[in-house]
file work26.cif (mmCIF, C-alpha atoms)
data_my_file
#
loop_
_atom_site.group_PDB
_atom_site.id
_atom_site.type_symbol
_atom_site.label_atom_id
_atom_site.label_comp_id
_atom_site.auth_asym_id
_atom_site.auth_seq_id
_atom_site.Cartn_x
_atom_site.Cartn_y
_atom_site.Cartn_z
ATOM 1 C CA MET A 12 51.477 46.948 -19.406
ATOM 2 C CA ALA A 13 49.483 43.935 -20.588
ATOM 3 C CA ASP A 14 49.457 42.435 -17.076
ATOM 4 C CA ASP A 15 47.538 45.487 -15.813
ATOM 5 C CA PHE A 16 44.305 44.267 -17.503
ATOM 6 C CA GLU A 17 41.295 44.356 -15.218
ATOM 7 C CA LEU A 18 37.825 43.550 -16.469
ATOM 8 C CA ASP A 19 35.148 45.948 -15.229
ATOM 9 C CA THR A 20 32.959 43.334 -13.528
ATOM 10 C CA ASP A 21 31.059 46.095 -11.712
ATOM 11 C CA ASP A 22 29.868 47.393 -15.088
ATOM 12 C CA LEU A 23 28.845 43.892 -16.198
ATOM 13 C CA GLN A 24 27.020 43.359 -12.916
ATOM 14 C CA ARG A 25 25.259 46.722 -13.203
ATOM 15 C CA ARG A 26 24.120 45.874 -16.732
ATOM 16 C CA MET A 27 22.930 42.410 -15.626
ATOM 17 C CA ASP A 28 21.060 44.075 -12.737
ATOM 18 C CA GLY A 29 19.386 46.217 -15.401
ATOM 19 C CA ALA A 30 18.207 43.060 -17.212
ATOM 20 C CA ILE A 31 16.708 41.740 -13.950
ATOM 21 C CA ALA A 32 15.034 45.100 -13.233
ATOM 22 C CA SER A 33 13.551 45.089 -16.724
ATOM 23 C CA LEU A 34 12.244 41.550 -16.161
ATOM 24 C CA ARG A 35 10.615 42.564 -12.872
ATOM 25 C CA THR A 36 8.959 45.543 -14.578
ATOM 26 C CA GLU A 37 7.574 43.261 -17.301
ATOM 27 C CA PHE A 38 6.346 40.816 -14.640
ATOM 28 C CA ALA A 39 4.607 43.633 -12.756
ATOM 29 C CA SER A 40 2.492 44.377 -15.823
ATOM 30 C CA LEU A 41 1.164 40.789 -15.911
ATOM 31 C CA ARG A 42 -2.268 40.568 -14.316
ATOM 32 C CA THR A 43 -2.396 37.883 -11.643
ATOM 33 C CA GLY A 44 -5.958 38.250 -10.389
ATOM 34 C CA ARG A 45 -4.966 40.836 -7.798
ATOM 35 C CA ALA A 46 -5.415 44.533 -8.351
ATOM 36 C CA SER A 47 -2.260 46.570 -8.867
ATOM 37 C CA GLY A 48 -1.697 50.105 -10.097
ATOM 38 C CA THR A 49 1.312 48.926 -12.137
ATOM 39 C CA MET A 50 -0.902 46.808 -14.389
ATOM 40 C CA LEU A 51 -2.021 50.040 -16.098
ATOM 41 C CA GLU A 52 1.509 51.322 -16.816
ATOM 42 C CA PRO A 53 1.683 49.989 -20.388
ATOM 43 C CA VAL A 54 -1.697 51.560 -21.289
ATOM 44 C CA GLN A 55 -1.332 54.806 -23.244
ATOM 45 C CA VAL A 56 -4.147 57.300 -23.918
ATOM 46 C CA GLU A 57 -4.387 59.728 -26.853
ATOM 47 C CA ALA A 58 -4.564 62.987 -24.868
ATOM 48 C CA TYR A 59 -3.786 66.550 -25.841
ATOM 49 C CA GLY A 60 -2.300 65.475 -29.168
ATOM 50 C CA GLN A 61 0.080 62.805 -27.869
ATOM 51 C CA MET A 62 0.139 59.377 -26.253
ATOM 52 C CA THR A 63 0.116 59.754 -22.464
ATOM 53 C CA PRO A 64 0.310 57.178 -19.641
ATOM 54 C CA ILE A 65 -2.841 56.861 -17.539
ATOM 55 C CA ASN A 66 -1.017 57.864 -14.347
ATOM 56 C CA GLN A 67 -0.416 61.312 -15.902
ATOM 57 C CA LEU A 68 -4.133 61.833 -16.536
ATOM 58 C CA GLY A 69 -5.480 60.858 -13.126
ATOM 59 C CA THR A 70 -4.853 59.269 -9.770
ATOM 60 C CA VAL A 71 -4.614 55.467 -9.817
ATOM 61 C CA ASN A 72 -5.693 53.793 -6.552
ATOM 62 C CA VAL A 73 -6.259 50.252 -5.324
ATOM 63 C CA PRO A 74 -9.032 50.589 -2.706
ATOM 64 C CA GLU A 75 -9.593 46.828 -2.371
ATOM 65 C CA PRO A 76 -7.829 43.637 -3.557
ATOM 66 C CA ARG A 77 -9.980 43.212 -6.681
ATOM 67 C CA MET A 78 -10.569 46.840 -7.655
ATOM 68 C CA VAL A 79 -8.502 49.582 -9.279
ATOM 69 C CA THR A 80 -9.898 53.105 -9.483
ATOM 70 C CA ILE A 81 -8.739 55.979 -11.635
ATOM 71 C CA ASN A 82 -9.810 59.490 -10.664
ATOM 72 C CA VAL A 83 -9.416 61.308 -14.004
ATOM 73 C CA TRP A 84 -8.559 64.984 -13.519
ATOM 74 C CA ASP A 85 -10.040 66.248 -16.809
ATOM 75 C CA ARG A 86 -13.706 65.285 -17.300
ATOM 76 C CA GLY A 87 -13.196 65.378 -21.097
ATOM 77 C CA MET A 88 -10.586 62.599 -20.882
ATOM 78 C CA VAL A 89 -12.778 60.074 -19.041
ATOM 79 C CA SER A 90 -14.156 58.441 -22.213
ATOM 80 C CA LYS A 91 -10.679 58.337 -23.835
ATOM 81 C CA VAL A 92 -9.143 56.669 -20.763
ATOM 82 C CA GLU A 93 -12.037 54.188 -20.651
ATOM 83 C CA LYS A 94 -11.592 53.363 -24.369
ATOM 84 C CA ALA A 95 -7.821 52.928 -23.968
ATOM 85 C CA ILE A 96 -8.358 50.439 -21.120
ATOM 86 C CA ARG A 97 -10.948 48.489 -23.166
ATOM 87 C CA ASP A 98 -8.569 48.348 -26.166
ATOM 88 C CA SER A 99 -5.477 47.475 -24.097
ATOM 89 C CA GLY A 100 -6.063 43.718 -24.058
ATOM 90 C CA LEU A 101 -5.983 43.550 -20.238
ATOM 91 C CA GLY A 102 -9.368 41.838 -20.233
ATOM 92 C CA ILE A 103 -10.873 44.400 -17.872
ATOM 93 C CA ASN A 104 -14.250 46.081 -18.364
ATOM 94 C CA PRO A 105 -14.153 49.644 -16.946
ATOM 95 C CA GLN A 106 -17.180 51.140 -15.175
ATOM 96 C CA THR A 107 -17.529 54.925 -15.112
ATOM 97 C CA ASN A 108 -19.013 56.967 -12.286
ATOM 98 C CA GLY A 109 -18.516 60.672 -13.063
ATOM 99 C CA THR A 110 -14.765 61.256 -13.276
ATOM 100 C CA ILE A 111 -13.957 58.003 -11.476
ATOM 101 C CA ILE A 112 -13.323 54.887 -13.539
ATOM 102 C CA MET A 113 -13.601 51.621 -11.595
ATOM 103 C CA LEU A 114 -11.839 48.511 -12.864
ATOM 104 C CA PRO A 115 -13.127 45.328 -11.190
ATOM 105 C CA ILE A 116 -10.485 42.608 -11.587
ATOM 106 C CA PRO A 117 -12.183 39.301 -12.466
ATOM 107 C CA GLU A 118 -10.921 35.913 -11.316
ATOM 108 C CA LEU A 119 -8.543 34.274 -13.772
ATOM 109 C CA ASN A 120 -9.634 30.983 -15.274
ATOM 110 C CA GLU A 121 -7.201 28.069 -15.667
ATOM 111 C CA GLU A 122 -6.648 28.665 -19.393
ATOM 112 C CA ARG A 123 -5.792 32.341 -18.872
ATOM 113 C CA ARG A 124 -3.418 31.412 -16.027
ATOM 114 C CA ARG A 125 -1.555 29.038 -18.350
ATOM 115 C CA GLU A 126 -1.326 31.757 -21.041
ATOM 116 C CA LEU A 127 0.041 34.265 -18.531
ATOM 117 C CA SER A 128 2.531 31.663 -17.311
ATOM 118 C CA LYS A 129 3.789 31.212 -20.886
ATOM 119 C CA VAL A 130 4.071 34.981 -21.322
ATOM 120 C CA ALA A 131 6.096 35.148 -18.085
ATOM 121 C CA ALA A 132 8.379 32.364 -19.368
ATOM 122 C CA ASN A 133 8.861 34.323 -22.595
ATOM 123 C CA TYR A 134 9.829 37.454 -20.633
ATOM 124 C CA ALA A 135 12.293 35.371 -18.584
ATOM 125 C CA GLU A 136 13.858 33.949 -21.750
ATOM 126 C CA HIS A 137 14.426 37.493 -23.057
ATOM 127 C CA ALA A 138 16.147 38.338 -19.751
ATOM 128 C CA ARG A 139 18.352 35.204 -20.029
ATOM 129 C CA VAL A 140 19.339 36.217 -23.567
ATOM 130 C CA ALA A 141 20.232 39.715 -22.332
ATOM 131 C CA VAL A 142 22.426 38.238 -19.566
ATOM 132 C CA ARG A 143 24.118 35.878 -22.046
ATOM 133 C CA ASN A 144 24.781 38.780 -24.402
ATOM 134 C CA LEU A 145 26.475 40.625 -21.547
ATOM 135 C CA ARG A 146 28.545 37.486 -20.851
ATOM 136 C CA ARG A 147 29.604 37.481 -24.494
ATOM 137 C CA ASP A 148 30.626 41.143 -24.211
ATOM 138 C CA GLY A 149 32.800 40.324 -21.190
ATOM 139 C CA MET A 150 34.379 37.335 -22.942
ATOM 140 C CA ASP A 151 35.079 39.501 -26.012
ATOM 141 C CA GLN A 152 36.915 42.006 -23.812
ATOM 142 C CA ILE A 153 39.022 39.155 -22.398
ATOM 143 C CA LYS A 154 39.807 37.844 -25.918
ATOM 144 C CA LYS A 155 40.858 41.327 -26.961
ATOM 145 C CA ALA A 156 43.120 41.561 -23.915
ATOM 146 C CA LYS A 157 44.589 38.131 -24.762
ATOM 147 C CA GLY A 158 45.587 39.555 -28.124
ATOM 148 C CA ASN A 159 47.245 42.438 -26.268
ATOM 149 C CA GLY A 160 49.338 40.028 -24.227
ATOM 150 C CA ILE A 161 47.703 39.183 -20.888
ATOM 151 C CA SER A 162 48.750 35.835 -19.455
ATOM 152 C CA GLU A 163 46.699 32.691 -19.985
ATOM 153 C CA ASP A 164 46.188 32.383 -16.216
ATOM 154 C CA ASP A 165 44.783 35.917 -15.987
ATOM 155 C CA ALA A 166 42.484 35.243 -18.946
ATOM 156 C CA LYS A 167 41.195 32.035 -17.298
ATOM 157 C CA PHE A 168 40.652 33.911 -14.022
ATOM 158 C CA TRP A 169 38.569 36.638 -15.691
ATOM 159 C CA GLU A 170 36.627 34.107 -17.786
ATOM 160 C CA GLY A 171 35.773 32.294 -14.549
ATOM 161 C CA GLU A 172 34.619 35.578 -12.964
ATOM 162 C CA VAL A 173 32.386 36.402 -15.933
ATOM 163 C CA GLN A 174 30.946 32.871 -16.002
ATOM 164 C CA GLU A 175 30.265 32.944 -12.248
ATOM 165 C CA LEU A 176 28.472 36.300 -12.608
ATOM 166 C CA THR A 177 26.444 34.963 -15.542
ATOM 167 C CA ASP A 178 25.470 31.779 -13.693
ATOM 168 C CA ARG A 179 24.360 33.816 -10.668
ATOM 169 C CA PHE A 180 22.127 36.075 -12.763
ATOM 170 C CA ILE A 181 20.636 33.226 -14.832
ATOM 171 C CA LYS A 182 19.754 31.508 -11.549
ATOM 172 C CA LEU A 183 18.164 34.767 -10.320
ATOM 173 C CA VAL A 184 16.088 34.980 -13.536
ATOM 174 C CA ASP A 185 14.925 31.391 -13.014
ATOM 175 C CA GLN A 186 14.010 32.046 -9.363
ATOM 176 C CA THR A 187 12.108 35.202 -10.307
ATOM 177 C CA LEU A 188 10.225 33.270 -13.010
ATOM 178 C CA GLU A 189 9.324 30.442 -10.610
ATOM 179 C CA ALA A 190 7.980 32.939 -8.075
ATOM 180 C CA LYS A 191 5.906 34.744 -10.730
ATOM 181 C CA GLN A 192 4.523 31.499 -12.157
ATOM 182 C CA ALA A 193 3.565 30.345 -8.652
ATOM 183 C CA GLU A 194 1.797 33.688 -8.105
ATOM 184 C CA ILE A 195 -0.035 33.359 -11.448
ATOM 185 C CA MET A 196 -1.157 29.773 -10.842
ATOM 186 C CA GLN A 197 -2.315 30.498 -7.275
ATOM 187 C CA VAL A 198 -6.099 30.351 -7.102
#
call {"tool": "encode", "arguments": {"input": "work26.cif", "output": "structure tokens"}}
result
Amino acid sequence: MADDFELDTDDLQRRMDGAIASLRTEFASLRTGRASGTMLEPVQVEAYGQMTPINQLGTVNVPEPRMVTINVWDRGMVSKVEKAIRDSGLGINPQTNGTIIMLPIPELNEERRRELSKVAANYAEHARVAVRNLRRDGMDQIKKAKGNGISEDDAKFWEGEVQELTDRFIKLVDQTLEAKQAEIMQV
């Protein structure tokens, strides 16, 4: 009975994939000097009595590399969307033209690039911690199985599998961070 232990590495891998997906989502919200509709995802607008994402109040487009436009569907929401963007800390100054809000994306200066690079490193560290926590969960399952009588060889095998999975995902986090930092520092 105890020799039938099998660690669910697919579950661990799926959860580690989730940590990487979360990291990529956080990276997408970092402004790198190029226009992107995803940079507005974290911005919420007080609309109709609740906080609402901008993409549910209008159409977000990227007509050119340094411009994002929002075609707000309800004329009464234009000023609220504009205020939410100003207060969001994105460093973008919206320009209104009827129901269309234009967001010109300014060039990033060297200091701001360094700040964004540090923020990206912080996001990557959170992803590494999440992967390590999942490693700990896997190791705890193996320890529990050891107490239930699996062989030492089987325990070592599964520990090696978990460690290999962890190393692979930590390396992926590091590669993703390097790519994002290179994108941020690119002039």
call {"tool": "residues_around", "arguments": {"input": "work26.cif", "residues": "Ile81 (chain A)", "least_positions_apart": "6", "cutoff": "8 Å", "atoms": "all atoms listed in the file", "output": "list in words"}}
result
Gly69, Thr70, Val71, Asn72, Ile111, Ile112 and Met113 of chain A
call {"tool": "resolve_selection", "arguments": {"input": "work26.cif", "expression": "the PyMOL selection byres ((chain A and resi 32-38) around 9)", "output": "ChimeraX atom specification"}}
result
/A:27-31,39-42,49,131,134-135,137-138,184,187-188,191
call {"tool": "write_last_selection", "arguments": {"input": "work26.cif", "atoms": "C-alpha atoms", "output": "PDB file, in the frame of the given file"}}
result
ATOM      1  CA  MET A  27      22.930  42.410 -15.626  1.00  0.00           C
ATOM      2  CA  ASP A  28      21.060  44.075 -12.737  1.00  0.00           C
ATOM      3  CA  GLY A  29      19.386  46.217 -15.401  1.00  0.00           C
ATOM      4  CA  ALA A  30      18.207  43.060 -17.212  1.00  0.00           C
ATOM      5  CA  ILE A  31      16.708  41.740 -13.950  1.00  0.00           C
ATOM      6  CA  ALA A  39       4.607  43.633 -12.756  1.00  0.00           C
ATOM      7  CA  SER A  40       2.492  44.377 -15.823  1.00  0.00           C
ATOM      8  CA  LEU A  41       1.164  40.789 -15.911  1.00  0.00           C
ATOM      9  CA  ARG A  42      -2.268  40.568 -14.316  1.00  0.00           C
ATOM     10  CA  THR A  49       1.312  48.926 -12.137  1.00  0.00           C
ATOM     11  CA  ALA A 131       6.096  35.148 -18.085  1.00  0.00           C
ATOM     12  CA  TYR A 134       9.829  37.454 -20.633  1.00  0.00           C
ATOM     13  CA  ALA A 135      12.293  35.371 -18.584  1.00  0.00           C
ATOM     14  CA  HIS A 137      14.426  37.493 -23.057  1.00  0.00           C
ATOM     15  CA  ALA A 138      16.147  38.338 -19.751  1.00  0.00           C
ATOM     16  CA  VAL A 184      16.088  34.980 -13.536  1.00  0.00           C
ATOM     17  CA  THR A 187      12.108  35.202 -10.307  1.00  0.00           C
ATOM     18  CA  LEU A 188      10.225  33.270 -13.010  1.00  0.00           C
ATOM     19  CA  LYS A 191       5.906  34.744 -10.730  1.00  0.00           C
TER      20      LYS A 191
END
call {"tool": "atom_distance", "arguments": {"input": "work26.cif", "atom1": "CA of Pro105 (chain A)", "atom2": "CA of Ser90 (chain A)"}}
result
10.3 Å
call {"tool": "resolve_selection", "arguments": {"input": "work26.cif", "expression": "the PyMOL selection byres ((chain A and resi 52-60) around 8)", "output": "ChimeraX atom specification"}}
result
/A:40,48-51,61-66,88,91-92,95-96,99
call {"tool": "atom_distance", "arguments": {"input": "work26.cif", "atom1": "CA of Arg26 (chain A)", "atom2": "CA of Leu145 (chain A)"}}
result
7.5 Å
call {"tool": "closest_residue", "arguments": {"input": "work26.cif", "among": "A:Arg139, A:Asp164, A:Met196, A:Asp22", "to": "Leu183 (chain A)", "atoms": "all atoms listed in the file"}}
result
A:Arg139
call {"tool": "atom_distance", "arguments": {"input": "work26.cif", "atom1": "CA of Leu114 (chain A)", "atom2": "CA of Val79 (chain A)"}}
result
5.0 Å
